[in-house]
file run_37.cif (mmCIF, C-alpha atoms)
data_run
#
loop_
_atom_site.group_PDB
_atom_site.id
_atom_site.type_symbol
_atom_site.label_atom_id
_atom_site.label_comp_id
_atom_site.auth_asym_id
_atom_site.auth_seq_id
_atom_site.Cartn_x
_atom_site.Cartn_y
_atom_site.Cartn_z
ATOM 1 C CA MET R 1 -78.762 68.992 16.382
ATOM 2 C CA SER R 2 -76.340 71.788 15.546
ATOM 3 C CA ASN R 3 -75.239 72.686 12.037
ATOM 4 C CA GLU R 4 -71.743 71.368 12.715
ATOM 5 C CA LEU R 5 -70.996 67.908 11.434
ATOM 6 C CA ILE R 6 -69.066 65.424 13.505
ATOM 7 C CA PRO R 7 -65.745 64.727 11.799
ATOM 8 C CA HIS R 8 -65.277 61.081 10.917
ATOM 9 C CA THR R 9 -62.115 59.759 9.432
ATOM 10 C CA ASN R 10 -63.392 56.299 8.500
ATOM 11 C CA LEU R 11 -66.548 56.799 6.466
ATOM 12 C CA GLU R 12 -65.456 54.900 3.371
ATOM 13 C CA GLY R 13 -67.495 51.787 4.229
ATOM 14 C CA ALA R 14 -70.617 53.829 4.925
ATOM 15 C CA ARG R 15 -69.987 55.894 1.794
ATOM 16 C CA ALA R 16 -69.674 52.695 -0.260
ATOM 17 C CA TRP R 17 -73.012 51.489 1.144
ATOM 18 C CA CYS R 18 -74.547 54.827 0.203
ATOM 19 C CA HIS R 19 -73.318 54.314 -3.382
ATOM 20 C CA VAL R 20 -74.897 50.840 -3.373
ATOM 21 C CA ILE R 21 -78.183 52.305 -2.145
ATOM 22 C CA TYR R 22 -78.172 55.028 -4.822
ATOM 23 C CA GLY R 23 -77.394 52.300 -7.361
ATOM 24 C CA LEU R 24 -80.392 50.253 -6.225
ATOM 25 C CA HIS R 25 -82.628 53.314 -6.426
ATOM 26 C CA ALA R 26 -81.245 54.120 -9.890
ATOM 27 C CA LEU R 27 -81.931 50.534 -10.981
ATOM 28 C CA ALA R 28 -85.548 50.966 -9.878
ATOM 29 C CA VAL R 29 -85.781 54.159 -11.955
ATOM 30 C CA VAL R 30 -84.386 52.343 -15.010
ATOM 31 C CA VAL R 31 -86.866 49.488 -14.493
ATOM 32 C CA GLY R 32 -89.641 52.088 -14.415
ATOM 33 C CA VAL R 33 -88.415 53.665 -17.653
ATOM 34 C CA VAL R 34 -87.977 50.450 -19.652
ATOM 35 C CA GLY R 35 -90.624 48.284 -17.990
ATOM 36 C CA ALA R 36 -94.385 48.320 -17.839
ATOM 37 C CA ALA R 37 -94.432 50.166 -14.501
ATOM 38 C CA THR R 38 -94.096 53.897 -13.964
ATOM 39 C CA ILE R 39 -90.850 55.248 -12.569
ATOM 40 C CA ALA R 40 -92.534 56.115 -9.280
ATOM 41 C CA GLY R 41 -94.258 52.737 -9.101
ATOM 42 C CA ALA R 42 -91.043 50.832 -9.755
ATOM 43 C CA PHE R 43 -89.263 53.052 -7.250
ATOM 44 C CA VAL R 44 -91.694 52.375 -4.404
ATOM 45 C CA PHE R 45 -92.792 48.822 -5.149
ATOM 46 C CA GLY R 46 -89.737 47.395 -6.909
ATOM 47 C CA VAL R 47 -87.369 45.052 -5.114
ATOM 48 C CA PRO R 48 -84.266 47.257 -5.680
ATOM 49 C CA SER R 49 -85.753 50.261 -3.864
ATOM 50 C CA LEU R 50 -87.341 48.149 -1.146
ATOM 51 C CA VAL R 51 -83.936 46.601 -0.432
ATOM 52 C CA ALA R 52 -82.384 50.085 -0.611
ATOM 53 C CA VAL R 53 -84.737 51.616 1.959
ATOM 54 C CA VAL R 54 -84.162 48.692 4.340
ATOM 55 C CA LEU R 55 -80.400 49.222 3.947
ATOM 56 C CA ASN R 56 -80.940 52.945 4.607
ATOM 57 C CA TYR R 57 -82.483 52.201 7.963
ATOM 58 C CA LEU R 58 -79.932 49.513 8.846
ATOM 59 C CA LYS R 59 -76.884 51.637 7.985
ATOM 60 C CA ARG R 60 -78.107 55.108 8.969
ATOM 61 C CA GLY R 61 -76.902 54.857 12.574
ATOM 62 C CA GLU R 62 -73.317 54.446 11.370
ATOM 63 C CA VAL R 63 -73.334 57.924 9.825
ATOM 64 C CA ALA R 64 -75.294 59.908 12.422
ATOM 65 C CA GLY R 65 -73.920 63.430 12.698
ATOM 66 C CA THR R 66 -71.738 63.170 9.583
ATOM 67 C CA TRP R 67 -72.189 64.613 6.116
ATOM 68 C CA LEU R 68 -73.331 61.163 4.956
ATOM 69 C CA ASP R 69 -76.362 61.344 7.244
ATOM 70 C CA SER R 70 -77.859 63.899 4.864
ATOM 71 C CA HIS R 71 -77.701 61.327 2.046
ATOM 72 C CA TYR R 72 -79.369 58.596 4.049
ATOM 73 C CA ARG R 73 -82.081 61.065 5.096
ATOM 74 C CA TRP R 74 -82.443 62.234 1.466
ATOM 75 C CA GLN R 75 -82.899 58.666 0.221
ATOM 76 C CA ILE R 76 -85.388 57.741 2.943
ATOM 77 C CA ARG R 77 -87.439 60.908 2.403
ATOM 78 C CA THR R 78 -87.461 60.381 -1.352
ATOM 79 C CA PHE R 79 -88.892 56.887 -0.853
ATOM 80 C CA TRP R 80 -91.614 57.888 1.623
ATOM 81 C CA PHE R 81 -92.667 61.072 -0.188
ATOM 82 C CA THR R 82 -92.912 59.109 -3.436
ATOM 83 C CA LEU R 83 -95.162 56.557 -1.728
ATOM 84 C CA LEU R 84 -97.296 59.321 -0.226
ATOM 85 C CA TRP R 85 -97.772 61.063 -3.570
ATOM 86 C CA LEU R 86 -98.527 57.778 -5.329
ATOM 87 C CA LEU R 87 -101.307 57.175 -2.821
ATOM 88 C CA VAL R 88 -102.699 60.658 -3.412
ATOM 89 C CA TYR R 89 -102.549 60.149 -7.176
ATOM 90 C CA GLY R 90 -104.154 56.723 -6.774
ATOM 91 C CA LEU R 91 -107.067 58.396 -5.033
ATOM 92 C CA LEU R 92 -107.363 60.802 -7.961
ATOM 93 C CA ILE R 93 -107.501 57.871 -10.370
ATOM 94 C CA ILE R 94 -110.143 56.076 -8.292
ATOM 95 C CA THR R 95 -112.418 59.114 -8.347
ATOM 96 C CA LEU R 96 -112.458 58.978 -12.159
ATOM 97 C CA ILE R 97 -112.507 62.778 -12.132
ATOM 98 C CA GLY R 98 -108.780 63.062 -12.060
ATOM 99 C CA ILE R 99 -107.515 60.239 -14.288
ATOM 100 C CA PRO R 100 -105.766 62.442 -16.883
ATOM 101 C CA ILE R 101 -104.447 64.777 -14.203
ATOM 102 C CA ALA R 102 -103.241 61.874 -12.061
ATOM 103 C CA TRP R 103 -101.321 60.305 -14.948
ATOM 104 C CA VAL R 104 -99.598 63.601 -15.698
ATOM 105 C CA LEU R 105 -98.738 63.956 -12.006
ATOM 106 C CA ILE R 106 -97.379 60.385 -11.893
ATOM 107 C CA VAL R 107 -95.075 61.176 -14.815
ATOM 108 C CA LEU R 108 -93.917 64.359 -13.059
ATOM 109 C CA LEU R 109 -93.371 62.374 -9.852
ATOM 110 C CA GLY R 110 -91.193 59.935 -11.806
ATOM 111 C CA LEU R 111 -89.097 62.818 -13.087
ATOM 112 C CA TRP R 112 -88.801 64.157 -9.527
ATOM 113 C CA VAL R 113 -87.621 60.744 -8.294
ATOM 114 C CA ALA R 114 -85.039 60.502 -11.080
ATOM 115 C CA TYR R 115 -83.861 64.045 -10.298
ATOM 116 C CA ARG R 116 -83.421 63.242 -6.588
ATOM 117 C CA VAL R 117 -81.492 60.046 -7.299
ATOM 118 C CA ILE R 118 -79.195 61.813 -9.784
ATOM 119 C CA ARG R 119 -78.702 64.936 -7.640
ATOM 120 C CA GLY R 120 -78.000 62.896 -4.518
ATOM 121 C CA TRP R 121 -75.622 60.501 -6.233
ATOM 122 C CA LEU R 122 -73.675 63.370 -7.805
ATOM 123 C CA ALA R 123 -73.347 65.083 -4.418
ATOM 124 C CA LEU R 124 -72.166 61.801 -2.887
ATOM 125 C CA ALA R 125 -69.592 61.367 -5.653
ATOM 126 C CA GLY R 126 -68.344 64.876 -4.847
ATOM 127 C CA GLN R 127 -68.287 63.991 -1.134
ATOM 128 C CA ARG R 128 -70.752 66.766 -0.358
ATOM 129 C CA PRO R 129 -73.826 66.654 1.885
ATOM 130 C CA ILE R 130 -77.208 66.916 0.182
ATOM 131 C CA GLY R 131 -80.067 69.268 1.108
ATOM 132 C CA THR R 132 -83.131 68.038 2.967
ATOM 133 C CA SER R 133 -85.755 69.264 0.528
#
call {"tool": "encode", "arguments": {"input": "run_37.cif", "output": "structure tokens"}}
result
Amino acid sequence: MSNELIPHTNLEGARAWCHVIYGLHALAVVVGVVGAATIAGAFVFGVPSLVAVVLNYLKRGEVAGTWLDSHYRWQIRTFWFTLLWLLVYGLLIITLIGIPIAWVLIVLLGLWVAYRVIRGWLALAGQRPIGTS
């Protein structure tokens, strides 16, 4: 795929869905902050983010090649990388050697998730693509 984005004149519906998806992810972060779960745990296992990632996959084809595709990719990657790191941290907790380290890493992962949701949503509000990191 080249670096040029396909111009689309009618992306408002897809952009609105992207806002909904960021909102669902943000809700999961809030649930993690105020609830008994961690931010990362609520993000990966909570209903809002599970619905959001399903919507990502359902709606992603509508934005292929546009600046919005970067947001859908960003959201999907945030979800899967969070799950991956939670599994790694879970293995640290199971070993009993890394319990304190794993809990610190889970807190840092929660902050990373919150950062990605906020950064992505702000870029979407400014109608800018988001990086892939």
call {"tool": "resolve_selection", "arguments": {"input": "run_37.cif", "expression": "the PyMOL selection byres ((chain R and resi 44-59) around 6)", "output": "list in words"}}
result
Ile21, Leu24, His25, Ala28, Gly41, Ala42, Phe43, Arg60, Gly61, Glu62 and Tyr72 of chain R
call {"tool": "resolve_selection", "arguments": {"input": "run_37.cif", "expression": "the PyMOL selection byres ((chain R and resi 83-100) around 12)", "output": "PyMOL selection string"}}
result
chain R and resi 38-46+49-50+76-82+101-110+112-113
call {"tool": "atom_distance", "arguments": {"input": "run_37.cif", "atom1": "atom CA of Trp121 of chain R", "atom2": "atom CA of Trp74 of chain R"}}
result
10.4 Å
call {"tool": "atom_distance", "arguments": {"input": "run_37.cif", "atom1": "atom CA of Leu111 of chain R", "atom2": "atom CA of Ala16 of chain R"}}
result
25.4 Å
call {"tool": "atom_distance", "arguments": {"input": "run_37.cif", "atom1": "atom CA of Leu11 of chain R", "atom2": "atom CA of Val117 of chain R"}}
result
20.6 Å
call {"tool": "resolve_selection", "arguments": {"input": "run_37.cif", "expression": "the PyMOL selection byres ((chain R and resi 68) around 12)", "output": "compact mmCIF listing (two decimals) with C-alpha atoms, in the coordinates of the input"}}
result
# COMPACT_ATOMS: atom_id res chain seq x y z
CA LEU R 5 -71.00 67.91 11.43
CA ILE R 6 -69.07 65.42 13.50
CA PRO R 7 -65.74 64.73 11.80
CA HIS R 8 -65.28 61.08 10.92
CA ASN R 10 -63.39 56.30 8.50
CA LEU R 11 -66.55 56.80 6.47
CA GLU R 12 -65.46 54.90 3.37
CA GLY R 13 -67.50 51.79 4.23
CA ALA R 14 -70.62 53.83 4.92
CA ARG R 15 -69.99 55.89 1.79
CA ALA R 16 -69.67 52.70 -0.26
CA TRP R 17 -73.01 51.49 1.14
CA CYS R 18 -74.55 54.83 0.20
CA HIS R 19 -73.32 54.31 -3.38
CA ASN R 56 -80.94 52.94 4.61
CA LYS R 59 -76.88 51.64 7.98
CA ARG R 60 -78.11 55.11 8.97
CA GLY R 61 -76.90 54.86 12.57
CA GLU R 62 -73.32 54.45 11.37
CA VAL R 63 -73.33 57.92 9.82
CA ALA R 64 -75.29 59.91 12.42
CA GLY R 65 -73.92 63.43 12.70
CA THR R 66 -71.74 63.17 9.58
CA TRP R 67 -72.19 64.61 6.12
CA ASP R 69 -76.36 61.34 7.24
CA SER R 70 -77.86 63.90 4.86
CA HIS R 71 -77.70 61.33 2.05
CA TYR R 72 -79.37 58.60 4.05
CA ARG R 73 -82.08 61.06 5.10
CA TRP R 74 -82.44 62.23 1.47
CA GLN R 75 -82.90 58.67 0.22
CA GLY R 120 -78.00 62.90 -4.52
CA TRP R 121 -75.62 60.50 -6.23
CA ALA R 123 -73.35 65.08 -4.42
CA LEU R 124 -72.17 61.80 -2.89
CA ALA R 125 -69.59 61.37 -5.65
CA GLY R 126 -68.34 64.88 -4.85
CA GLN R 127 -68.29 63.99 -1.13
CA ARG R 128 -70.75 66.77 -0.36
CA PRO R 129 -73.83 66.65 1.88
CA ILE R 130 -77.21 66.92 0.18
CA GLY R 131 -80.07 69.27 1.11
